[in-house]
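Engineer: Input data_15.txt, format and content: compact mmCIF, C-alpha atoms and all ligand atoms.
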# COMPACT_ATOMS: atom_id res chain seq x y z
CA MET A 144 126.46 162.60 34.02
CA ALA A 145 126.91 159.08 35.37
CA PRO A 146 128.26 159.07 38.93
CA THR A 147 131.59 157.38 39.28
CA ASP A 148 131.43 153.83 40.53
CA ASP A 149 133.57 154.62 43.54
CA VAL A 150 131.24 157.43 44.71
CA VAL A 151 128.37 154.94 44.61
CA ALA A 152 130.48 152.25 46.27
CA THR A 153 131.49 154.60 49.08
CA LEU A 154 127.86 155.58 49.68
CA ALA A 155 126.78 151.93 49.62
CA GLU A 156 129.43 151.06 52.19
CA ARG A 157 128.35 153.97 54.38
CA ALA A 158 124.69 152.91 54.07
CA GLY A 159 125.60 149.40 55.19
CA LEU A 160 127.52 150.65 58.21
CA LEU A 161 124.76 153.06 59.22
CA ASP A 162 122.13 150.34 58.90
CA GLU A 163 124.21 148.20 61.26
CA THR A 164 124.63 151.09 63.70
CA HIS A 165 120.88 151.68 63.73
CA ALA A 166 119.76 148.05 63.62
CA ALA A 167 118.03 148.29 67.03
CA THR A 168 115.48 150.82 65.74
CA ASP A 169 114.66 149.05 62.46
CA ARG A 170 110.96 148.13 62.60
CA ARG A 171 110.43 147.10 58.94
CA ASP A 172 109.25 143.67 60.07
CA ARG A 173 106.20 145.22 61.71
CA PHE A 174 105.02 146.77 58.44
CA ALA A 175 103.15 145.28 55.50
CA LEU A 176 104.93 147.21 52.75
CA PRO A 177 104.92 145.81 49.20
CA ASP A 178 108.16 144.16 48.08
CA GLY A 179 110.43 146.33 46.00
CA VAL A 180 108.83 149.61 47.06
CA VAL A 181 110.79 152.36 48.79
CA TYR A 182 108.01 154.23 50.53
CA LEU A 183 108.92 157.89 51.03
CA ASP A 184 105.43 159.20 51.67
CA GLY A 185 104.95 158.31 55.32
CA ASN A 186 104.65 162.04 55.96
CA SER A 187 101.39 162.00 53.98
CA LEU A 188 99.98 158.55 54.73
CA GLY A 189 101.86 156.37 57.19
CA ALA A 190 102.24 152.70 56.25
CA LEU A 191 100.12 149.83 57.56
CA GLN A 192 101.44 147.61 60.35
CA ARG A 193 100.81 143.89 60.00
CA HIS A 194 98.82 143.50 63.21
CA VAL A 195 96.35 146.31 62.51
CA PRO A 196 93.95 144.52 60.08
CA ALA A 197 93.26 141.77 62.63
CA VAL A 198 92.60 144.33 65.38
CA LEU A 199 90.21 146.21 63.10
CA ALA A 200 88.49 143.01 62.01
CA ASP A 201 87.88 142.16 65.67
CA VAL A 202 86.49 145.63 66.35
CA VAL A 203 84.14 145.26 63.39
CA ARG A 204 83.05 141.62 63.76
CA ARG A 205 83.06 140.98 67.49
CA GLN A 206 82.67 144.43 69.05
CA TRP A 207 80.35 146.10 66.55
CA GLY A 208 78.87 142.93 65.07
CA ALA A 209 78.21 140.82 68.18
CA ASP A 210 78.42 143.10 71.20
CA LEU A 211 76.68 146.01 69.49
CA ILE A 212 75.79 149.02 71.66
CA ALA A 213 77.30 147.45 74.79
CA SER A 214 80.72 148.06 73.23
CA TRP A 215 80.58 151.73 74.22
CA ASN A 216 81.06 150.56 77.82
CA ASP A 217 82.46 147.04 77.53
CA HIS A 218 85.14 147.73 74.93
CA GLY A 219 86.02 151.20 76.15
CA TRP A 220 84.71 153.00 73.08
CA TRP A 221 83.37 155.92 75.09
CA ASP A 222 86.71 156.69 76.75
CA ALA A 223 88.82 155.99 73.66
CA PRO A 224 89.42 159.69 72.78
CA THR A 225 91.21 160.38 76.08
CA ARG A 226 92.72 156.90 76.42
CA VAL A 227 94.33 157.13 72.96
CA GLY A 228 95.21 160.75 73.74
CA ASP A 229 97.19 159.55 76.75
CA ARG A 230 99.08 157.13 74.49
CA ILE A 231 100.08 160.02 72.20
CA ALA A 232 101.04 162.25 75.15
CA PRO A 233 104.56 160.77 75.66
CA LEU A 234 105.37 161.54 72.02
CA LEU A 235 104.51 165.16 72.76
CA GLY A 236 106.33 165.46 76.07
CA ALA A 237 102.95 165.85 77.75
CA ALA A 238 101.80 164.51 81.09
CA PRO A 239 98.55 162.50 80.96
CA GLY A 240 95.18 164.22 80.95
CA GLN A 241 95.95 166.86 78.30
CA VAL A 242 95.32 165.15 74.94
CA VAL A 243 92.08 164.17 73.20
CA VAL A 244 91.71 162.40 69.84
CA GLY A 245 88.85 162.89 67.40
CA ASP A 246 87.91 164.94 64.30
CA SER A 247 90.30 166.20 61.64
CA THR A 248 93.31 168.45 62.18
CA THR A 249 91.43 171.29 60.50
CA VAL A 250 88.53 170.99 62.95
CA ALA A 251 90.91 170.62 65.90
CA LEU A 252 92.75 173.77 64.82
CA HIS A 253 89.48 175.71 64.50
CA GLN A 254 88.45 174.58 67.96
CA THR A 255 91.75 175.37 69.67
CA LEU A 256 92.21 178.73 67.94
CA GLY A 257 88.63 179.73 68.72
CA ALA A 258 89.19 178.83 72.36
CA ALA A 259 92.56 180.63 72.41
CA LEU A 260 90.98 183.85 71.11
CA ARG A 261 88.47 183.74 73.96
CA LEU A 262 91.41 183.42 76.38
CA ARG A 263 92.98 186.64 75.04
CA PRO A 264 90.09 189.08 74.57
CA GLY A 265 90.88 192.65 73.55
CA ARG A 266 93.96 191.79 71.48
CA ARG A 267 93.48 192.53 67.80
CA ALA A 268 95.89 190.33 65.86
CA VAL A 269 96.87 186.74 65.17
CA VAL A 270 100.33 185.79 63.90
CA THR A 271 100.88 182.98 61.43
CA ASP A 272 103.33 181.81 58.75
CA PRO A 273 102.16 182.55 55.18
CA ALA A 274 103.85 179.28 54.13
CA SER A 275 101.63 177.26 56.48
CA PHE A 276 99.62 174.30 55.25
CA PRO A 277 96.68 175.90 53.41
CA SER A 278 93.97 174.45 55.64
CA ASP A 279 95.68 176.11 58.63
CA LEU A 280 95.74 179.44 56.77
CA TYR A 281 92.04 179.08 55.95
CA VAL A 282 91.15 178.39 59.58
CA VAL A 283 93.18 181.37 60.79
CA ALA A 284 91.71 183.68 58.13
CA GLY A 285 88.17 182.50 58.81
CA LEU A 286 88.31 182.95 62.57
CA ALA A 287 90.20 186.24 62.29
CA ALA A 288 87.50 187.63 59.99
CA GLU A 289 84.75 186.44 62.31
CA HIS A 290 86.44 188.08 65.33
CA GLY A 291 87.46 191.24 63.44
CA LEU A 292 91.17 190.51 63.90
CA GLU A 293 94.16 191.29 61.72
CA VAL A 294 96.35 188.41 60.51
CA LEU A 295 100.06 189.25 60.72
CA HIS A 296 102.08 187.02 58.39
CA ALA A 297 105.70 186.23 59.18
CA SER A 298 108.10 183.36 58.72
CA PRO A 299 108.62 181.62 62.07
CA ARG A 300 112.24 182.81 62.02
CA ASP A 301 110.97 186.43 62.10
CA VAL A 302 108.15 185.89 64.60
CA PRO A 303 110.19 186.80 67.73
CA ASP A 304 111.11 190.18 66.12
CA LEU A 305 107.53 190.78 65.09
CA LEU A 306 106.36 190.04 68.62
CA ALA A 307 108.96 192.39 70.06
CA ARG A 308 107.47 195.17 67.88
CA ARG A 309 103.74 194.43 67.86
CA GLY A 310 103.30 191.77 70.51
CA ASP A 311 101.02 193.87 72.73
CA ASP A 312 98.30 193.44 70.18
CA VAL A 313 98.78 189.74 69.43
CA ALA A 314 96.34 187.23 70.89
CA VAL A 315 97.74 184.00 69.48
CA VAL A 316 100.74 182.77 67.47
CA VAL A 317 99.71 179.83 65.25
CA LEU A 318 102.58 177.93 63.66
CA SER A 319 103.60 174.51 62.40
CA HIS A 320 106.48 172.71 64.09
CA ALA A 321 107.92 171.89 60.63
CA ASP A 322 107.31 173.46 57.22
CA PHE A 323 105.28 170.97 55.17
CA ARG A 324 107.09 171.97 51.98
CA THR A 325 110.74 172.37 52.95
CA GLY A 326 110.85 170.22 56.08
CA GLU A 327 112.45 173.04 58.07
CA LEU A 328 111.98 172.52 61.81
CA TRP A 329 111.19 175.64 63.81
CA ASP A 330 112.31 176.65 67.28
CA LEU A 331 109.20 175.66 69.21
CA PRO A 332 110.54 176.47 72.71
CA GLY A 333 112.06 179.81 71.66
CA ILE A 334 109.03 181.04 69.73
CA THR A 335 106.70 179.89 72.52
CA ALA A 336 108.76 181.88 75.02
CA ALA A 337 108.64 184.94 72.74
CA ALA A 338 104.84 184.63 72.46
CA HIS A 339 104.54 184.45 76.23
CA ALA A 340 106.86 187.43 76.73
CA ALA A 341 104.39 189.41 74.60
CA GLY A 342 101.42 188.09 76.56
CA ALA A 343 100.21 185.98 73.61
CA LEU A 344 99.38 182.29 73.48
CA ALA A 345 101.29 179.73 71.39
CA LEU A 346 99.29 177.23 69.33
CA TRP A 347 101.36 174.65 67.43
CA ASP A 348 100.39 172.30 64.61
CA LEU A 349 102.54 169.18 65.00
CA SER A 350 101.12 167.32 61.99
CA HIS A 351 104.50 167.04 60.29
CA THR A 352 106.48 166.05 63.37
CA VAL A 353 104.37 163.95 65.72
CA GLY A 354 105.86 160.46 65.86
CA ALA A 355 109.04 161.59 64.13
CA VAL A 356 110.40 164.50 66.17
CA PRO A 357 109.87 164.60 69.94
CA ALA A 358 108.16 167.73 71.22
CA ARG A 359 108.51 168.93 74.78
CA LEU A 360 105.16 170.66 75.06
CA ASP A 361 104.91 170.70 78.86
CA ALA A 362 108.53 171.73 79.38
CA SER A 363 108.24 174.44 76.71
CA GLY A 364 105.05 175.85 78.22
CA VAL A 365 103.08 175.41 74.99
CA ASP A 366 99.47 176.46 75.46
CA LEU A 367 97.66 174.45 72.79
CA ALA A 368 98.60 172.03 70.04
CA VAL A 369 97.03 169.86 67.37
CA GLY A 370 98.38 167.22 65.01
CA CYS A 371 97.56 164.60 62.47
CA GLY A 372 96.92 160.90 63.13
CA TYR A 373 97.59 159.49 59.67
CA LYS A 374 101.15 160.67 58.95
CA TYR A 375 104.03 159.46 61.15
CA LEU A 376 101.56 157.98 63.66
CA CYS A 377 100.46 155.52 60.94
CA GLY A 378 96.80 155.62 62.05
CA GLY A 379 95.45 154.99 58.54
CA PRO A 380 93.65 157.16 55.97
CA GLY A 381 91.50 159.77 57.70
CA ALA A 382 92.69 158.78 61.18
CA PRO A 383 91.50 161.39 63.67
CA ALA A 384 93.73 164.22 64.85
CA PHE A 385 94.69 165.07 68.42
CA THR A 386 94.23 168.18 70.51
CA TYR A 387 96.53 169.15 73.40
CA VAL A 388 95.22 171.59 75.98
CA ALA A 389 97.77 172.45 78.68
CA GLN A 390 96.43 171.62 82.12
CA ARG A 391 96.54 175.25 83.27
CA HIS A 392 94.15 176.34 80.49
CA GLN A 393 91.61 173.56 80.81
CA ALA A 394 89.25 175.24 83.28
CA ALA A 395 88.84 178.25 80.97
CA TYR A 396 89.01 176.37 77.64
CA ARG A 397 85.81 176.98 75.63
CA PRO A 398 86.00 175.89 71.98
CA PRO A 399 83.48 177.31 69.49
CA VAL A 400 81.77 174.03 68.63
CA GLN A 401 80.35 172.70 71.89
CA GLY A 402 79.04 169.19 71.49
CA TRP A 403 77.48 166.59 73.72
CA ASN A 404 80.63 164.46 74.01
CA GLY A 405 82.34 167.38 75.75
CA HIS A 406 79.47 167.93 78.17
CA ALA A 407 79.96 167.41 81.90
CA GLU A 408 77.19 164.79 81.90
CA PRO A 409 76.61 163.62 78.34
CA PHE A 410 73.83 161.23 79.27
CA ALA A 411 71.95 163.71 81.43
CA MET A 412 70.62 164.98 78.07
CA ASP A 413 70.76 168.47 79.49
CA PRO A 414 69.31 171.09 77.10
CA GLU A 415 72.09 173.48 78.16
CA HIS A 416 75.75 172.89 77.51
CA ARG A 417 78.11 172.64 80.48
CA PHE A 418 81.73 171.82 79.73
CA ALA A 419 83.20 168.65 81.22
CA ALA A 420 86.12 169.00 83.61
CA GLY A 421 89.61 168.50 82.27
CA VAL A 422 90.57 167.78 78.68
CA ARG A 423 87.32 165.87 78.04
CA ARG A 424 85.77 169.24 77.25
CA ALA A 425 87.82 169.26 74.03
CA ARG A 426 85.65 166.44 72.69
CA ILE A 427 82.87 167.40 70.27
CA GLY A 428 80.56 164.71 68.87
CA THR A 429 80.84 160.97 68.38
CA PRO A 430 84.33 160.18 67.10
CA PRO A 431 85.07 157.81 64.15
CA ILE A 432 85.56 154.75 66.34
CA LEU A 433 86.94 152.45 63.64
CA SER A 434 89.61 154.96 62.68
CA LEU A 435 90.28 155.83 66.28
CA LEU A 436 90.85 152.18 67.18
CA ALA A 437 93.04 151.65 64.12
CA LEU A 438 95.15 154.56 65.38
CA ASP A 439 95.15 153.01 68.86
CA ALA A 440 96.55 149.77 67.42
CA ALA A 441 99.08 151.65 65.28
CA LEU A 442 100.47 153.37 68.37
CA ASP A 443 101.76 149.97 69.57
CA LEU A 444 104.73 150.88 67.35
CA PHE A 445 105.94 153.28 70.03
CA ASP A 446 105.54 150.84 72.94
CA ASP A 447 109.16 149.75 72.64
CA LEU A 448 110.42 152.54 70.42
CA PRO A 449 110.63 155.91 72.18
CA VAL A 450 110.21 158.83 69.81
CA GLU A 451 113.68 160.07 70.84
CA GLU A 452 115.08 156.92 69.22
CA VAL A 453 112.93 157.43 66.14
CA ARG A 454 114.43 160.90 65.92
CA GLY A 455 118.01 159.58 66.07
CA ARG A 456 117.27 157.13 63.27
CA SER A 457 115.41 159.75 61.25
CA LEU A 458 118.25 162.29 61.42
CA SER A 459 120.75 159.67 60.30
CA LEU A 460 118.49 158.64 57.41
CA SER A 461 117.58 162.14 56.24
CA GLY A 462 121.18 163.35 56.57
CA PHE A 463 122.38 160.42 54.50
CA LEU A 464 119.62 161.00 51.94
CA ALA A 465 120.59 164.65 51.52
CA ASP A 466 124.27 163.70 51.19
CA ALA A 467 123.47 161.07 48.58
CA VAL A 468 121.33 163.49 46.57
CA GLU A 469 124.08 166.10 46.63
CA ALA A 470 126.73 163.57 45.59
CA LEU A 471 124.74 161.79 42.87
CA VAL A 472 122.12 164.28 41.62
CA PRO A 473 123.78 167.70 41.79
CA GLU A 474 121.26 169.24 39.38
CA VAL A 475 118.48 169.15 41.97
CA GLU A 476 118.59 171.53 44.92
CA VAL A 477 118.11 170.18 48.44
CA VAL A 478 115.94 172.89 50.03
CA THR A 479 115.76 171.21 53.44
CA PRO A 480 118.23 172.52 56.04
CA ARG A 481 121.30 170.33 56.52
CA GLU A 482 121.71 171.26 60.18
CA ASP A 483 120.12 168.52 62.33
CA ALA A 484 118.43 170.95 64.72
CA ARG A 485 116.68 172.66 61.80
CA ARG A 486 115.52 169.54 59.94
CA GLY A 487 112.21 167.76 60.49
CA SER A 488 111.75 164.32 58.96
CA HIS A 489 111.55 164.84 55.23
CA VAL A 490 113.93 166.00 52.54
CA SER A 491 112.60 168.17 49.71
CA VAL A 492 114.37 168.75 46.45
CA ALA A 493 113.61 171.44 43.90
CA HIS A 494 113.66 170.71 40.19
CA PRO A 495 111.87 172.47 37.30
CA GLU A 496 110.21 169.17 36.40
CA ALA A 497 109.64 167.98 39.94
CA TYR A 498 106.15 166.66 39.21
CA GLY A 499 107.39 164.46 36.37
CA LEU A 500 110.37 163.43 38.46
CA VAL A 501 108.09 162.21 41.28
CA GLN A 502 105.86 160.32 38.83
CA ALA A 503 108.81 158.67 37.11
CA LEU A 504 110.21 157.65 40.51
CA ILE A 505 106.86 156.15 41.49
CA ALA A 506 106.92 154.11 38.27
CA ARG A 507 110.28 152.77 39.48
CA GLY A 508 108.92 151.86 42.92
CA VAL A 509 110.16 154.92 44.81
CA VAL A 510 107.07 156.59 46.22
CA GLY A 511 107.38 160.24 47.22
CA ASP A 512 105.04 163.12 46.51
CA TYR A 513 104.93 166.45 44.74
CA ARG A 514 104.14 169.80 46.33
CA GLU A 515 103.75 173.14 44.64
CA PRO A 516 105.88 174.98 43.77
CA GLY A 517 108.30 172.58 42.10
CA LEU A 518 109.21 170.35 45.03
CA ALA A 519 109.67 166.61 45.24
CA ARG A 520 109.13 165.57 48.86
CA LEU A 521 110.93 162.51 50.18
CA GLY A 522 109.43 161.61 53.53
CA VAL A 523 111.59 159.75 56.03
CA ALA A 524 109.36 157.63 58.24
CA ALA A 525 112.33 156.20 60.07
CA PRO A 526 110.94 152.99 61.61
CA TYR A 527 110.38 151.37 58.22
CA LEU A 528 113.21 152.78 56.09
CA THR A 529 116.89 151.91 55.78
CA HIS A 530 119.90 153.83 54.51
CA ALA A 531 120.31 151.22 51.77
CA GLN A 532 116.76 151.89 50.55
CA LEU A 533 117.44 155.63 50.47
CA LEU A 534 120.55 155.06 48.37
CA ARG A 535 118.43 153.03 45.96
CA ALA A 536 115.92 155.89 45.80
CA VAL A 537 118.66 158.36 44.89
CA LEU A 538 120.12 156.01 42.26
CA GLU A 539 116.64 155.73 40.73
CA MET A 540 116.45 159.54 40.69
CA ARG A 541 119.78 159.60 38.86
CA ALA A 542 118.46 157.07 36.35
CA VAL A 543 115.20 159.01 35.78
CA LEU A 544 117.08 162.22 34.99
CA ASP A 545 119.71 160.44 32.84
CA ARG A 546 116.96 158.95 30.70
CA GLY A 547 114.77 162.09 30.71
CA GLU A 548 111.83 160.12 32.11
CA GLN A 549 110.63 163.20 34.03
CA THR A 550 109.66 164.92 30.78
CA ALA A 551 107.05 162.35 29.67
CA PRO A 552 103.65 164.07 29.34
CA ARG A 553 101.28 163.22 32.19
CA GLU A 554 97.81 164.05 33.37
CA ARG A 555 97.62 165.18 36.98
CA PRO A 556 95.16 163.36 39.22
CA THR A 557 93.57 165.16 42.17
CA VAL A 558 96.06 163.93 44.77
CA THR A 559 99.69 164.65 43.87
C1 LIG A 601 98.33 167.01 57.13
C2 LIG A 601 98.08 168.34 57.71
C3 LIG A 601 96.78 168.76 57.96
C4 LIG A 601 95.63 167.86 57.58
O1 LIG A 601 94.42 168.38 57.96
P1 LIG A 601 93.12 167.45 57.88
O2 LIG A 601 92.06 168.32 58.40
O3 LIG A 601 93.38 166.24 58.75
O4 LIG A 601 92.92 167.05 56.46
C5 LIG A 601 96.60 170.01 58.52
N1 LIG A 601 97.64 170.80 58.83
C6 LIG A 601 98.91 170.42 58.60
C7 LIG A 601 100.05 171.32 58.96
C8 LIG A 601 99.16 169.19 58.02
O5 LIG A 601 100.41 168.80 57.78
Rewrite the structure from the file as structure tokens, please.
Ligand SMILES: *Cc1c(COP(=O)(O)O)cnc(C)c1O

Structural biologist:
Amino acid sequence: MAPTDDVVATLAERAGLLDETHAATDRRDRFALPDGVVYLDGNSLGALQRHVPAVLADVVRRQWGADLIASWNDHGWWDAPTRVGDRIAPLLGAAPGQVVVGDSTTVALHQTLGAALRLRPGRRAVVTDPASFPSDLYVVAGLAAEHGLEVLHASPRDVPDLLARRGDDVAVVVLSHADFRTGELWDLPGITAAAHAAGALALWDLSHTVGAVPARLDASGVDLAVGCGYKYLCGGPGAPAFTYVAQRHQAAYRPPVQGWNGHAEPFAMDPEHRFAAGVRRARIGTPPILSLLALDAALDLFDDLPVEEVRGRSLSLSGFLADAVEALVPEVEVVTPREDARRGSHVSVAHPEAYGLVQALIARGVVGDYREPGLARLGVAAPYLTHAQLLRAVLEMRAVLDRGEQTAPRERPTVT
């Protein structure tokens, strides 16, 4: 089923024009990507920027190596969780003083949900999406069991109806901004408003949107949020996550793990815990400083690239990608919504041999990933991708299927 040359030529011409239109937001030069690779997995592990290794080497050699313990004061290590948090805040539509960085997303979610449940005592249910990222489901199930609460499962699109029926009993609505499988973007302001109308709190996981899709957390009245540092923020493998606690909740915010970094006077060595004022109370123990400072350096990306502009580029890229797949590879199904307002920053395609398809693409230099059940995910980390590269990715997909390369027998490693 070879595509006609003129379909390919038309797409190539369109890619060229779109790349010219979006030239001002092309940041490929900042990144150290290998030649010949089209990297479509920035939604799982963001790419490395060229300046980051030197920053990290300085942190290791000069700060850790030479200045030793003094670095906690002299190089701002102690305040890094809130300082880096304030650098993430503009990407979230958050005023300063509401974001802390440290620990994994899973831990941050456990902390924020535990604190949220204490803010809504007496309510007996938590609402979440059964299609959530599994770690999020595990956290919700674990805390619900501990607190004797029922978990009500609903797709985000049905949550407002569910709240209209059973909202009186709901303490917290815990949802992801975008579905990690399909890339569908949910109505964060609308669902937050519905949660509030029912007297519940809204806790959002922004792992799959932060750095790619602007959020307006303050304007939407979101109560709590968490998100990942190593996806579109490009903080590096295992980069710490962030926690957003809306100003109005900070005085009453009491997360389940209370550690010395969140104490009002950490160096008073007080045997009793007293929460610090403000968002500092969302800190736990000593954060992974090397990873935190790698994330800090990575955030330079956004110094002259507002996330609203990333979003414009991302929508153009993902829309073009979906069009190209539909034109050139009609036997796969694009499961990601085509409407801009409902699309996050990746495009997922369903195919019975999606795992083999992803592996065969990787062998051809097009790096995406596979997610159960049967989805090839093509992440669009806009700053370092072009329309021309996406067309190449789709042509490689066409070639894989034409040659049957997806059917080759393969062993599955742990990470797919
Ligand atoms: C990536 C991701 C996580 C990752 O959690 P870690 O604890 O950092 O491993 C959690 N939730 C969602 C929705 C994610 O996309």

Engineer: Using all atoms listed in the file, find each residue in chain A having at least one atom no more than 8 Å away from ligand LIG 601 (chain A); report its shortest atom-to-atom pair and that distance in Å (one decimal), rows by chain then rising number, as CSV.

Structural biologist:
residue,atom,partner,partner_atom,distance
A:Ser187,CA,A:LIG601,C1,6.7
A:Asp246,CA,A:LIG601,O3,7.9
A:Ser247,CA,A:LIG601,O3,4.2
A:Thr248,CA,A:LIG601,O2,4.0
A:Thr249,CA,A:LIG601,O2,3.7
A:Val250,CA,A:LIG601,O2,6.3
A:Ala251,CA,A:LIG601,O2,7.9
A:Ser275,CA,A:LIG601,C7,6.6
A:Phe276,CA,A:LIG601,C7,4.8
A:Pro277,CA,A:LIG601,N1,7.5
A:Ser278,CA,A:LIG601,C5,5.9
A:Asp279,CA,A:LIG601,N1,5.7
A:Ser319,CA,A:LIG601,C7,5.9
A:Asp322,CA,A:LIG601,C7,7.8
A:Phe323,CA,A:LIG601,O5,5.9
A:Asp348,CA,A:LIG601,C7,5.7
A:Leu349,CA,A:LIG601,C7,6.9
A:Ser350,CA,A:LIG601,O5,4.5
A:His351,CA,A:LIG601,O5,5.1
A:Gly370,CA,A:LIG601,N1,7.2
A:Cys371,CA,A:LIG601,O3,5.8
A:Gly372,CA,A:LIG601,O3,7.8
A:Tyr373,CA,A:LIG601,C1,8.0
A:Lys374,CA,A:LIG601,C1,7.2
A:Gly381,CA,A:LIG601,O3,6.8
A:Ala382,CA,A:LIG601,O3,7.9
A:Pro383,CA,A:LIG601,O3,7.2
A:Ala384,CA,A:LIG601,O3,6.4

Engineer: Taking into account all atoms listed in the file, which residue in the set A:Val244, A:Val537, A:Val150, A:Ala175 is nearest to Ala232 (chain A)?

Structural biologist: A:Val244

Engineer: Point out the residue among A:Ser457, A:Asn216, A:Thr325, A:Thr352 with the least atom-to-atom distance to Ala493 (chain A), counting all atoms listed in the file.

Structural biologist: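 Comparing A:Ser457, A:Asn216, A:Thr325, A:Thr352 against Ala493 (chain A), the winner is A:Thr325.
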
Engineer: Would you please work out which residue, of A:Leu154, A:Ala467, A:Leu376, A:Val365, is nearest to Arg391 (chain A) when using all atoms listed in the file?

Structural biologist: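 Checking each candidate against Arg391 (chain A), we get A:Val365 as the closest.
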
Engineer: Between A:His494, A:His489, A:Arg157, A:Arg170, single out the one closest to Val472 (chain A), counting all atoms listed in the file.

Structural biologist: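 The closest residue to Val472 (chain A) is A:His494.
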
Engineer: Using all atoms of region 171-178 of chain A listed in the file and a margin of 3 Å per side, can you give the axis-aligned box centre and edge lengths in Å to one decimal, as JSON?

Structural biologist:
{"center_x": 106.8, "center_y": 145.4, "center_z": 54.9, "size_x": 13.3, "size_y": 9.5, "size_z": 19.6}

Engineer: Would you mind telling me which residue in A:Asp184, A:Asp361, A:Glu548, A:Asp304 lies nearest to Ala338 (chain A) when using all atoms listed in the file?

Structural biologist: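 Comparing A:Asp184, A:Asp361, A:Glu548, A:Asp304 against Ala338 (chain A), the winner is A:Asp304.
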